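File shown: final.cif (mmCIF, C-alpha atoms (C1' of nucleotides)).
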```
data_protein
#
loop_
_atom_site.label_atom_id
_atom_site.label_comp_id
_atom_site.auth_asym_id
_atom_site.auth_seq_id
_atom_site.Cartn_x
_atom_site.Cartn_y
_atom_site.Cartn_z
CA MET A 1 -56.45 -86.38 -89.50
CA SER A 2 -57.09 -87.38 -85.93
CA VAL A 3 -54.74 -89.67 -84.10
CA ALA A 4 -57.44 -92.28 -83.71
CA ASP A 5 -57.98 -92.50 -87.46
CA TYR A 6 -54.66 -93.77 -88.59
CA LYS A 7 -54.20 -97.34 -89.62
CA GLY A 8 -50.52 -97.98 -89.29
CA ASN A 9 -49.10 -95.01 -91.15
CA ILE A 10 -48.20 -93.31 -87.91
CA LYS A 11 -45.94 -90.71 -89.44
CA GLU A 12 -48.88 -89.06 -91.12
CA THR A 13 -50.57 -88.12 -87.86
CA PRO A 14 -49.41 -85.00 -86.03
CA PHE A 15 -48.40 -87.02 -83.05
CA GLY A 16 -46.65 -89.71 -85.01
CA TYR A 17 -44.83 -87.05 -86.91
CA THR A 18 -43.53 -85.49 -83.71
CA LEU A 19 -42.47 -88.87 -82.46
CA SER A 20 -40.62 -89.64 -85.67
CA VAL A 21 -38.73 -86.37 -85.38
CA ILE A 22 -37.47 -86.87 -81.83
CA GLY A 23 -37.56 -90.65 -81.56
CA GLY A 24 -34.03 -91.57 -82.62
CA LYS A 25 -31.77 -93.00 -79.99
CA TRP A 26 -29.56 -89.91 -79.77
CA LYS A 27 -31.75 -87.15 -81.17
CA LEU A 28 -32.84 -85.74 -77.85
CA LEU A 29 -29.35 -85.61 -76.52
CA ILE A 30 -28.21 -83.85 -79.67
CA ILE A 31 -31.05 -81.35 -79.38
CA TYR A 32 -30.18 -80.68 -75.75
CA LEU A 33 -26.50 -80.22 -76.48
CA LEU A 34 -27.28 -77.80 -79.29
CA ALA A 35 -29.74 -75.95 -77.06
CA GLU A 36 -27.08 -75.52 -74.41
CA ASN A 37 -24.23 -74.53 -76.70
CA GLN A 38 -25.93 -72.71 -79.61
CA THR A 39 -23.48 -74.00 -82.20
CA VAL A 40 -21.34 -77.12 -82.06
CA ARG A 41 -18.97 -78.70 -84.56
CA PHE A 42 -19.21 -82.31 -85.66
CA ASN A 43 -16.27 -83.81 -83.81
CA ASP A 44 -17.06 -81.69 -80.79
CA LEU A 45 -20.52 -83.23 -80.67
CA LYS A 46 -18.95 -86.64 -81.05
CA ARG A 47 -16.62 -85.99 -78.11
CA ARG A 48 -19.39 -84.70 -75.87
CA ILE A 49 -21.56 -87.73 -76.51
CA GLY A 50 -18.74 -90.23 -76.37
CA ALA A 51 -20.40 -93.55 -76.94
CA ILE A 52 -21.85 -92.69 -80.37
CA THR A 53 -20.04 -93.63 -83.58
CA TYR A 54 -19.35 -91.26 -86.47
CA LYS A 55 -21.71 -93.12 -88.67
CA THR A 56 -24.59 -92.97 -86.26
CA LEU A 57 -24.03 -89.34 -85.35
CA SER A 58 -23.87 -88.46 -89.00
CA ALA A 59 -27.11 -90.32 -89.70
CA GLN A 60 -28.99 -88.77 -86.78
CA LEU A 61 -27.85 -85.28 -87.75
CA LYS A 62 -28.89 -85.84 -91.33
CA GLU A 63 -32.35 -86.92 -90.23
CA LEU A 64 -32.68 -83.97 -87.91
CA GLU A 65 -31.61 -81.74 -90.76
CA THR A 66 -34.13 -83.08 -93.26
CA ASP A 67 -36.79 -82.74 -90.58
CA GLY A 68 -35.85 -79.09 -90.25
CA MET A 69 -34.62 -79.38 -86.66
CA VAL A 70 -30.95 -78.52 -87.13
CA LYS A 71 -29.07 -76.17 -89.41
CA ARG A 72 -25.81 -77.24 -90.94
CA LYS A 73 -23.34 -74.52 -91.84
CA GLU A 74 -20.34 -75.61 -93.85
CA TYR A 75 -17.28 -73.40 -94.18
CA PRO A 76 -15.48 -73.96 -97.50
CA GLN A 77 -12.01 -74.39 -96.08
CA VAL A 78 -9.42 -77.06 -95.45
CA PRO A 79 -9.53 -78.77 -93.05
CA PRO A 80 -13.33 -78.68 -93.20
CA LYS A 81 -15.42 -76.92 -90.61
CA VAL A 82 -19.11 -77.57 -90.10
CA GLU A 83 -21.28 -76.02 -87.44
CA TYR A 84 -24.58 -77.42 -86.26
CA SER A 85 -27.28 -75.43 -84.49
CA LEU A 86 -30.99 -75.62 -83.74
CA THR A 87 -33.58 -74.11 -86.04
CA GLU A 88 -36.44 -71.97 -84.77
CA LYS A 89 -38.73 -74.91 -85.33
CA ALA A 90 -36.67 -76.97 -82.91
CA GLU A 91 -36.74 -74.18 -80.37
CA THR A 92 -40.52 -74.14 -80.31
CA LEU A 93 -40.42 -77.78 -79.28
CA LEU A 94 -38.14 -77.25 -76.29
CA PRO A 95 -40.91 -76.29 -73.81
CA VAL A 96 -42.87 -79.42 -74.66
CA LEU A 97 -39.76 -81.52 -74.22
CA GLU A 98 -39.39 -80.01 -70.78
CA GLU A 99 -42.86 -81.20 -69.87
CA LEU A 100 -42.24 -84.70 -71.12
CA CYS A 101 -39.14 -84.66 -69.02
CA GLU A 102 -41.06 -83.56 -65.94
CA TRP A 103 -43.66 -86.24 -66.43
CA GLY A 104 -40.89 -88.80 -66.75
CA ALA A 105 -39.19 -87.59 -63.59
CA LYS A 106 -42.44 -87.79 -61.63
CA ASN A 107 -43.44 -91.21 -62.89
CA GLN A 108 -40.22 -93.08 -63.49
CA SER A 109 -39.92 -94.42 -59.98
CA LYS A 110 -43.58 -94.63 -59.07
CA LYS A 111 -44.84 -98.01 -58.04
CA ILE A 112 -47.71 -99.44 -60.02
CA ILE A 113 -50.92 -99.67 -58.02
CA LEU A 114 -53.65 -101.75 -59.61
CA MET B 1 -29.69 -87.17 -63.86
CA SER B 2 -29.86 -84.51 -66.51
CA VAL B 3 -30.64 -85.40 -70.09
CA ALA B 4 -27.25 -84.13 -71.20
CA ASP B 5 -25.42 -86.49 -68.87
CA TYR B 6 -26.47 -89.80 -70.25
CA LYS B 7 -24.14 -91.84 -72.36
CA GLY B 8 -26.37 -94.19 -74.25
CA ASN B 9 -28.56 -95.55 -71.47
CA ILE B 10 -31.42 -93.36 -72.51
CA LYS B 11 -34.09 -95.17 -70.54
CA GLU B 12 -32.57 -93.97 -67.30
CA THR B 13 -33.22 -90.31 -68.05
CA PRO B 14 -36.66 -88.86 -67.37
CA PHE B 15 -37.10 -88.02 -71.00
CA GLY B 16 -35.86 -91.34 -72.26
CA TYR B 17 -38.17 -93.06 -69.85
CA THR B 18 -41.17 -91.16 -71.20
CA LEU B 19 -40.12 -91.98 -74.72
CA SER B 20 -39.78 -95.65 -73.93
CA VAL B 21 -43.29 -95.70 -72.48
CA ILE B 22 -45.02 -94.14 -75.49
CA GLY B 23 -42.57 -95.02 -78.25
CA GLY B 24 -43.99 -98.30 -79.50
CA LYS B 25 -45.45 -98.28 -82.96
CA TRP B 26 -49.05 -98.61 -81.76
CA LYS B 27 -48.92 -97.40 -78.17
CA LEU B 28 -50.18 -93.93 -78.82
CA LEU B 29 -53.10 -95.14 -80.82
CA ILE B 30 -53.98 -97.59 -78.07
CA ILE B 31 -53.79 -94.84 -75.46
CA TYR B 32 -56.03 -92.61 -77.55
CA LEU B 33 -58.57 -95.33 -78.14
CA LEU B 34 -58.70 -96.11 -74.44
CA ALA B 35 -58.97 -92.42 -73.61
CA GLU B 36 -61.95 -92.08 -75.93
CA ASN B 37 -63.77 -95.22 -74.87
CA GLN B 38 -62.87 -95.67 -71.20
CA THR B 39 -62.81 -99.46 -71.41
CA VAL B 40 -62.27 -101.62 -74.46
CA ARG B 41 -62.01 -105.37 -74.92
CA PHE B 42 -59.12 -107.08 -76.67
CA ASN B 43 -60.76 -108.05 -79.94
CA ASP B 44 -62.59 -104.76 -80.03
CA LEU B 45 -59.27 -102.96 -79.88
CA LYS B 46 -57.98 -105.22 -82.62
CA ARG B 47 -60.95 -104.39 -84.84
CA ARG B 48 -60.64 -100.66 -84.28
CA ILE B 49 -56.98 -100.66 -85.18
CA GLY B 50 -57.30 -103.07 -88.07
CA ALA B 51 -53.78 -103.45 -89.41
CA ILE B 52 -52.26 -104.70 -86.16
CA THR B 53 -51.79 -108.43 -85.49
CA TYR B 54 -52.86 -110.24 -82.34
CA LYS B 55 -49.30 -110.86 -81.36
CA THR B 56 -48.25 -107.26 -81.68
CA LEU B 57 -51.33 -105.91 -79.94
CA SER B 58 -50.80 -108.36 -77.15
CA ALA B 59 -47.18 -107.37 -76.77
CA GLN B 60 -47.87 -103.64 -76.81
CA LEU B 61 -50.61 -104.00 -74.22
CA LYS B 62 -48.36 -106.06 -72.01
CA GLU B 63 -45.66 -103.42 -72.17
CA LEU B 64 -48.12 -100.66 -71.43
CA GLU B 65 -49.36 -102.70 -68.52
CA THR B 66 -45.94 -103.28 -66.97
CA ASP B 67 -45.24 -99.57 -67.42
CA GLY B 68 -48.37 -98.84 -65.43
CA MET B 69 -50.21 -97.17 -68.29
CA VAL B 70 -53.11 -99.58 -68.75
CA LYS B 71 -55.18 -101.70 -66.41
CA ARG B 72 -56.21 -105.19 -67.42
CA LYS B 73 -59.39 -106.57 -65.90
CA GLU B 74 -60.06 -110.23 -66.55
CA TYR B 75 -63.49 -111.78 -65.99
CA PRO B 76 -63.28 -115.46 -65.07
CA GLN B 77 -65.84 -116.72 -67.53
CA VAL B 78 -66.07 -118.69 -70.72
CA PRO B 79 -65.61 -117.41 -73.36
CA PRO B 80 -63.06 -115.12 -71.74
CA LYS B 81 -63.62 -111.41 -71.30
CA VAL B 82 -60.86 -108.91 -70.67
CA GLU B 83 -61.26 -105.18 -70.40
CA TYR B 84 -58.48 -102.67 -70.88
CA SER B 85 -58.52 -99.11 -69.57
CA LEU B 86 -56.12 -96.28 -68.79
CA THR B 87 -54.56 -95.83 -65.38
CA GLU B 88 -54.42 -92.47 -63.62
CA LYS B 89 -50.77 -92.29 -64.50
CA ALA B 90 -51.65 -92.48 -68.18
CA GLU B 91 -54.29 -89.80 -67.76
CA THR B 92 -51.74 -87.34 -66.40
CA LEU B 93 -49.82 -87.75 -69.63
CA LEU B 94 -52.76 -86.90 -71.90
CA PRO B 95 -52.34 -83.09 -71.73
CA VAL B 96 -48.70 -83.37 -72.74
CA LEU B 97 -49.62 -85.66 -75.59
CA GLU B 98 -52.06 -83.01 -76.76
CA GLU B 99 -49.25 -80.50 -76.93
CA LEU B 100 -46.99 -82.81 -78.86
CA CYS B 101 -49.88 -83.31 -81.20
CA GLU B 102 -50.37 -79.57 -81.64
CA TRP B 103 -46.71 -79.04 -82.33
CA GLY B 104 -46.82 -81.81 -84.90
CA ALA B 105 -49.88 -80.32 -86.58
CA LYS B 106 -48.23 -76.91 -86.80
CA ASN B 107 -44.91 -78.17 -88.08
CA GLN B 108 -45.67 -81.22 -90.14
CA SER B 109 -46.31 -79.36 -93.36
CA LYS B 110 -43.97 -76.43 -92.83
CA LYS B 111 -41.36 -75.97 -95.47
CA ILE B 112 -37.79 -75.94 -94.32
CA ILE B 113 -36.11 -72.55 -94.74
CA LEU B 114 -32.36 -72.58 -94.42
"C1'" DG C 1 -72.73 -130.78 -85.43
"C1'" DT C 2 -70.42 -127.25 -87.63
"C1'" DT C 3 -69.42 -122.52 -87.23
"C1'" DT C 4 -68.30 -118.49 -84.62
"C1'" DA C 5 -66.41 -115.91 -80.99
"C1'" DC C 6 -63.15 -114.87 -77.15
"C1'" DA C 7 -58.30 -113.89 -75.75
"C1'" DC C 8 -54.69 -115.06 -76.52
"C1'" DT C 9 -49.69 -117.99 -77.53
"C1'" DA C 10 -46.11 -120.21 -80.54
"C1'" DT C 11 -43.19 -120.31 -84.26
"C1'" DC C 12 -40.94 -118.41 -87.92
"C1'" DC C 13 -39.67 -114.63 -90.89
"C1'" DT C 14 -38.57 -109.87 -92.47
"C1'" DT C 15 -37.42 -105.27 -91.74
"C1'" DT C 16 -35.26 -101.63 -89.40
"C1'" DC C 17 -31.96 -99.49 -86.42
"C1'" DG C 18 -27.84 -98.71 -84.95
"C1'" DG C 19 -22.79 -100.40 -84.07
"C1'" DG C 20 -17.82 -101.58 -85.71
"C1'" DT C 21 -14.15 -100.96 -88.53
"C1'" DA C 22 -11.73 -98.91 -92.06
"C1'" DG C 23 -10.70 -95.43 -95.32
"C1'" DT C 24 -10.76 -90.59 -97.82
"C1'" DA C 25 -8.48 -85.78 -98.94
"C1'" DC C 26 -6.14 -82.21 -97.27
"C1'" DC C 27 -3.66 -79.36 -93.96
"C1'" DT C 28 -0.93 -78.18 -89.71
"C1'" DA C 29 2.24 -79.09 -86.09
"C1'" DT C 30 6.37 -81.47 -84.56
"C1'" DA D 1 8.76 -87.16 -92.58
"C1'" DT D 2 5.32 -88.54 -89.59
"C1'" DA D 3 1.50 -87.95 -86.71
"C1'" DG D 4 -2.80 -85.89 -85.83
"C1'" DG D 5 -7.00 -83.33 -86.81
"C1'" DT D 6 -11.34 -82.34 -89.78
"C1'" DA D 7 -15.84 -84.22 -91.44
"C1'" DC D 8 -17.34 -87.44 -93.02
"C1'" DT D 9 -18.74 -92.26 -96.23
"C1'" DA D 10 -18.76 -97.35 -97.34
"C1'" DC D 11 -19.43 -101.84 -96.14
"C1'" DC D 12 -20.83 -105.46 -93.23
"C1'" DC D 13 -23.09 -107.25 -89.06
"C1'" DG D 14 -26.10 -108.31 -85.01
"C1'" DA D 15 -30.05 -107.31 -82.14
"C1'" DA D 16 -34.57 -106.05 -81.60
"C1'" DA D 17 -39.06 -104.86 -83.18
"C1'" DG D 18 -42.81 -106.14 -85.37
"C1'" DG D 19 -45.60 -109.08 -89.10
"C1'" DA D 20 -47.74 -113.63 -90.88
"C1'" DT D 21 -49.82 -117.70 -89.99
"C1'" DA D 22 -51.64 -121.24 -87.32
"C1'" DG D 23 -53.42 -123.24 -83.20
"C1'" DT D 24 -55.68 -123.64 -78.18
"C1'" DG D 25 -60.05 -124.59 -75.14
"C1'" DT D 26 -64.63 -123.73 -74.20
"C1'" DA D 27 -69.34 -122.45 -75.04
"C1'" DA D 28 -73.13 -120.41 -77.31
"C1'" DA D 29 -75.57 -119.77 -81.71
"C1'" DC D 30 -77.41 -121.66 -85.94
#
```

Would you write out, as structure tokens, the structure that this file holds?
Amino acid sequence: MSVADYKGNIKETPFGYTLSVIGGKWKLLIIYLLAENQTVRFNDLKRRIGAITYKTLSAQLKELETDGMVKRKEYPQVPPKVEYSLTEKAETLLPVLEELCEWGAKNQSKKIIL
Amino acid sequence: MSVADYKGNIKETPFGYTLSVIGGKWKLLIIYLLAENQTVRFNDLKRRIGAITYKTLSAQLKELETDGMVKRKEYPQVPPKVEYSLTEKAETLLPVLEELCEWGAKNQSKKIIL
DNA sequence: GTTTACACTATCCTTTCGGGTAGTACCTAT
DNA sequence: ATAGGTACTACCCGAAAGGATAGTGTAAAC
């Protein structure tokens, strides 16, 4: 299915799919933090981000998990311990994210010339 | 400003900026249609997309315009005629969009292995 | 002279996303 | 005995995005 063929069901196109995977408000930051630190625990992630709430962090992680971007490893102990890390799938996206970032850096401040 | 430094104001990071420019529900489709056809008129765009409403199309185009992604050329005649086309800035993004698209195509159907 | 087309705008409504606050069960440290 | 830490969930709420419907002014086509 080509991008120009869709009629509103954007998630079914390759591009729309990619967008849906990384489009959440905090998803990129989470991906970057996991890329930098390999494995991070829930409350640690919360502390590093700061402004996010538990509920939102939990939701974003769950979405990333069902999209196959993060792995969740739970240790059956008390108090609980859960470690989050990137999947291989997520790692293959990192170079593309870098490029998007570069494009943004180049164009963010550019004046619009008509 | 690095991506890992932001605290909720995502639009100020290069990546967040890029995302905000292409993140609208129909923006990608519009960009692709303009890339394929060079210049397209308003109602023509509406017909090609189909499911979009005038209001939404109008809003998305306006946002793309203020972000410097599309040019709007108005002909002072009756009935009105307006042509939309991509700016150079938008054209520099096309290769990156292709890559996002490829990643999506490769990963969309992949099963998640834990 | 009624319809059609153009490029929209206005108003209202629904859906979606994320935020705020509180609470859970259990254990460790003081 | 009390406070704090762990990894969450439940419930409610507000803002923002986008959809539905209708209307505008002019002119050409039928």

Expansion of the PyMOL selection byres ((chain B and resi 31) around 9) into residues, as a PyMOL selection string
chain B and resi 22+26-30+32-36+69-70+85-86+90+94

Surrounding residues of DC11 (chain D) excluding itself and chain neighbours under 5 positions, 12 Å, only C-alpha atoms (C1' of nucleotides), as a PyMOL selection string
(chain A and resi 55) or (chain C and resi 20-23)

Would you tabulate, counting all atoms listed in the file, all residues of chain A that have an atom at most 6 Å from an atom of chain B, showing the closest pair of atoms and their distance in Å to one decimal, sorted by chain then ascending number, as a Markdown table?
```
| residue | atom | partner | partner_atom | distance |
| --- | --- | --- | --- | --- |
| A:Ala4 | CA | B:Leu29 | CA | 5.9 |
| A:Pro14 | CA | B:Gly104 | CA | 4.3 |
| A:Phe15 | CA | B:Cys101 | CA | 4.4 |
| A:Tyr17 | CA | B:Gly104 | CA | 6.0 |
| A:Thr18 | CA | B:Gly104 | CA | 5.1 |
| A:Leu29 | CA | B:Ala4 | CA | 5.9 |
| A:Gly68 | CA | B:Ile112 | CA | 5.5 |
| A:Cys101 | CA | B:Phe15 | CA | 4.4 |
| A:Gly104 | CA | B:Pro14 | CA | 4.3 |
| A:Ala105 | CA | B:Pro14 | CA | 4.7 |
| A:Ile112 | CA | B:Gly68 | CA | 5.5 |
```

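Between C1' of DC26 (chain C) and C1' of DG5 (chain D) the separation is 10.6 Å.
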
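On the file presented, the PyMOL selection byres ((chain C) within 10 of (chain A)) picks out C:DC17, C:DG18, C:DG19, C:DG20, C:DA25, C:DC26, C:DC27, C:DT28.
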
May I have the residues from that selection written out with C-alpha atoms (C1' of nucleotides), as a PDB file, keeping the file's coordinate frame?
```pdb
ATOM      1  C1'  DC C  17     -31.960 -99.490 -86.420  1.00  0.00           C
ATOM      2  C1'  DG C  18     -27.840 -98.710 -84.950  1.00  0.00           C
ATOM      3  C1'  DG C  19     -22.790-100.400 -84.070  1.00  0.00           C
ATOM      4  C1'  DG C  20     -17.820-101.580 -85.710  1.00  0.00           C
ATOM      5  C1'  DA C  25      -8.480 -85.780 -98.940  1.00  0.00           C
ATOM      6  C1'  DC C  26      -6.140 -82.210 -97.270  1.00  0.00           C
ATOM      7  C1'  DC C  27      -3.660 -79.360 -93.960  1.00  0.00           C
ATOM      8  C1'  DT C  28      -0.930 -78.180 -89.710  1.00  0.00           C
TER       9       DT C  28
END
```

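For chain D, the residues having at least one atom no farther than 12 Å from chain B, when counting only C-alpha atoms (C1' of nucleotides), are DA17, DG18, DG19, DA20, DT21, DG25, DT26, DA27 and DA28 of chain D.
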